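*Asks:* Enclosed is the structure file protein39.cif (mmCIF, C-alpha atoms).
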```cif
data_work
#
loop_
_atom_site.label_atom_id
_atom_site.label_comp_id
_atom_site.auth_asym_id
_atom_site.auth_seq_id
_atom_site.Cartn_x
_atom_site.Cartn_y
_atom_site.Cartn_z
CA MET X 21 -17.91 -8.09 -24.38
CA ASP X 22 -14.46 -6.63 -24.85
CA ILE X 23 -14.38 -3.17 -23.29
CA ASP X 24 -11.06 -2.18 -24.87
CA ARG X 25 -12.41 -2.98 -28.30
CA MET X 26 -15.59 -0.97 -27.70
CA LEU X 27 -13.64 2.04 -26.45
CA ASN X 28 -11.11 2.01 -29.29
CA PHE X 29 -12.89 3.99 -32.02
CA GLU X 30 -10.12 3.43 -34.53
CA LYS X 31 -10.48 -0.37 -34.37
CA ARG X 32 -14.27 -0.21 -34.64
CA THR X 33 -14.53 2.22 -37.58
CA GLY X 34 -11.13 2.19 -39.26
CA ILE X 35 -10.90 5.99 -38.91
CA LYS X 36 -7.74 7.21 -37.24
CA ASN X 37 -7.84 9.56 -34.26
CA GLU X 38 -5.72 12.10 -36.17
CA GLN X 39 -8.37 12.28 -38.87
CA ILE X 40 -11.07 12.89 -36.29
CA GLU X 41 -9.06 15.66 -34.64
CA ASP X 42 -8.41 17.26 -38.04
CA PHE X 43 -12.14 17.19 -38.80
CA VAL X 44 -13.01 18.77 -35.44
CA ASP X 45 -10.45 21.54 -36.03
CA LYS X 46 -11.93 22.31 -39.45
CA ALA X 47 -15.47 22.30 -38.06
CA SER X 48 -14.51 24.75 -35.30
CA ALA X 49 -12.81 27.00 -37.90
CA VAL X 50 -16.03 27.03 -39.94
CA GLN X 51 -18.08 27.77 -36.83
CA ASP X 52 -15.77 30.72 -35.97
CA ALA X 53 -16.08 32.04 -39.54
CA ILE X 54 -19.87 31.88 -39.38
CA LYS X 55 -19.89 33.76 -36.06
CA GLY X 56 -17.56 36.40 -37.54
CA MET X 57 -19.85 36.88 -40.56
CA LEU X 58 -22.93 37.16 -38.32
CA ASP X 59 -21.18 39.74 -36.15
CA GLY X 60 -20.08 41.70 -39.24
CA LYS X 61 -16.37 41.29 -38.54
CA LEU X 62 -15.75 39.13 -41.63
CA LYS X 63 -16.87 39.41 -45.22
CA PRO X 64 -17.60 36.29 -47.28
CA GLU X 65 -14.79 37.27 -49.69
CA ASP X 66 -12.27 37.25 -46.83
CA ILE X 67 -12.94 33.65 -45.88
CA GLN X 68 -10.68 31.09 -47.48
CA ILE X 69 -11.62 27.44 -47.27
CA ASP X 70 -9.01 24.73 -47.76
CA GLY X 71 -9.60 22.86 -50.99
CA ILE X 72 -11.70 25.60 -52.59
CA ASP X 73 -9.82 28.05 -54.78
CA THR X 74 -10.50 31.76 -54.83
CA PRO X 75 -11.14 33.47 -58.18
CA GLU X 76 -7.62 34.91 -58.11
CA GLU X 77 -6.11 31.47 -57.61
CA ILE X 78 -8.26 30.05 -60.41
CA GLU X 79 -7.10 32.84 -62.75
CA ARG X 80 -3.46 32.31 -61.75
CA LYS X 81 -3.72 28.55 -62.36
CA GLU X 82 -5.31 29.15 -65.79
CA LYS X 83 -2.47 31.51 -66.74
CA GLU X 84 0.12 28.97 -65.60
CA LYS X 85 -1.64 26.26 -67.58
CA GLN X 86 -1.71 28.44 -70.71
CA ALA X 87 1.98 29.27 -70.25
CA MET X 88 2.79 25.56 -69.94
CA LEU X 89 0.80 24.80 -73.10
CA ILE X 90 2.62 27.54 -75.02
CA LYS X 91 5.98 26.28 -73.76
CA LYS X 92 5.09 22.71 -74.71
CA LYS X 93 4.04 23.79 -78.21
CA GLN X 94 7.30 25.72 -78.64
CA GLN X 95 9.32 22.67 -77.57
CA GLU X 96 7.41 20.47 -80.03
CA GLU X 97 8.00 22.99 -82.82
CA GLU X 98 11.72 23.09 -81.97
CA LEU X 99 11.90 19.30 -82.13
CA ILE X 100 10.09 19.27 -85.47
CA ASN X 101 12.31 22.03 -86.86
CA GLU X 102 15.43 20.25 -85.66
CA ALA X 103 14.29 16.97 -87.18
CA THR X 104 13.45 18.58 -90.54
CA HIS X 105 16.76 20.47 -90.53
CA LYS X 106 18.65 17.26 -89.84
CA GLU X 107 16.68 15.40 -92.50
CA ASN X 108 17.33 18.14 -95.06
CA ALA X 109 21.02 18.11 -94.23
CA LEU X 110 21.17 14.35 -94.70
CA ARG X 111 19.26 14.50 -97.97
CA GLY X 112 21.54 17.21 -99.31
CA ASN X 113 24.71 15.18 -98.77
CA PRO X 114 24.99 12.41 -101.39
CA LEU X 115 27.54 10.48 -99.32
CA ILE X 116 25.23 10.16 -96.32
CA GLN X 117 22.00 10.00 -98.28
CA GLY X 118 19.87 7.04 -97.34
CA LEU X 119 21.81 5.89 -94.28
CA GLY X 120 19.11 3.76 -92.55
CA ASP X 121 17.26 2.65 -95.66
CA GLU X 122 17.69 -0.79 -97.13
CA ASN X 123 17.64 0.54 -100.69
CA THR X 124 20.64 2.76 -100.32
CA SER X 125 22.75 3.85 -103.21
CA LYS X 126 26.35 3.45 -102.10
CA VAL X 127 29.33 4.92 -103.85
CA LYS X 128 30.86 1.96 -105.67
CA ARG X 129 34.62 1.68 -105.71
CA LYS X 130 36.91 -0.47 -107.70
CA TRP X 131 39.17 -2.92 -105.97
CA ASN X 132 42.31 -1.06 -107.04
CA ASP X 133 41.25 2.52 -106.11
CA ASP X 134 43.41 2.62 -102.99
CA VAL X 135 46.49 0.85 -104.44
CA VAL X 136 49.72 2.82 -104.08
CA PHE X 137 51.36 2.02 -107.40
CA ARG X 138 48.32 2.35 -109.59
CA ASN X 139 48.75 3.00 -113.34
CA GLN X 140 52.52 2.47 -113.21
CA ALA X 141 52.47 0.16 -116.20
CA SER X 142 50.82 2.75 -118.42
CA THR X 143 53.94 4.96 -118.44
CA GLU X 144 56.31 2.10 -119.25
CA PRO X 145 57.28 1.98 -122.93
CA ASP X 146 55.90 -0.87 -124.97
CA THR X 147 58.49 -3.25 -126.32
CA LYS X 148 57.70 -5.03 -129.50
CA LYS X 149 57.99 -8.73 -129.21
CA ARG X 150 59.83 -10.34 -131.99
CA PHE X 151 59.70 -13.93 -132.93
CA VAL X 152 62.96 -15.78 -133.16
CA ASN X 153 62.90 -19.36 -134.23
CA ASP X 154 65.60 -20.29 -131.81
CA THR X 155 64.91 -21.64 -128.35
CA ILE X 156 67.98 -20.06 -126.78
CA ARG X 157 67.80 -16.53 -128.26
CA ASN X 158 64.06 -15.90 -128.04
CA ASP X 159 62.40 -13.34 -125.66
CA PHE X 160 60.84 -16.00 -123.48
CA HIS X 161 64.13 -17.53 -122.37
#
```
In structure tokens, write the structure found in this file.
*Replies:*
Amino acid sequence: MDIDRMLNFEKRTGIKNEQIEDFVDKASAVQDAIKGMLDGKLKPEDIQIDGIDTPEEIERKEKEKQAMLIKKKQQEEELINEATHKENALRGNPLIQGLGDENTSKVKRKWNDDVVFRNQASTEPDTKKRFVNDTIRNDFH
């Protein structure tokens, strides 16, 4: 038999010594509270146990939870309002309308819309072409 192994409670059970000491401290606190209630020094409402919430703490947590829910709903509404506003703005502008869709209607432009000297020939006077039956004096020479 290994005496060290038998004496080491942590190795035998897997429970750490710190956990045991914490349990003993809590048990002694409970024992003191019971003695105080039996003596009349403490009221049951005055005793606070770790891990168990008092009615005030429960009420406070419920209020915080409700406030968080209200805040979350407001944020969701803001996101929805912002998205609808953005969508309405995009739908109202015919130049941006349908930017992510495959069936978009684009503004079609002609190939000569951005040419600098556009329509210059329209102001030039028309010259009548006359036919001359001479290869040297004709207009094509």
*Asks:* CA of Trp131 (chain X) and CA of Gly112 (chain X) are how many Å apart?
*Replies:* 27.6 Å
*Asks:* So how far away is CA of Glu82 (chain X) from CA of Gln68 (chain X), in Å?
*Replies:*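 Distance reported for this atom pair: 19.2 Å.
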*Asks:* May I ask for the distance between CA of Glu144 (chain X) and CA of Arg157 (chain X), given in Å to one decimal place?
*Replies:*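 CA of Arg157 (chain X) lies 23.7 Å from CA of Glu144 (chain X).
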*Asks:* Restricting the calculation to all atoms listed in the file, which member of X:Asn28, X:Lys46, X:Lys149, X:Gly34 is positioned closest to Gly71 (chain X)?
*Replies:*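 Looking only at the distances to Gly71 (chain X), the closest residue turns out to be X:Lys46.
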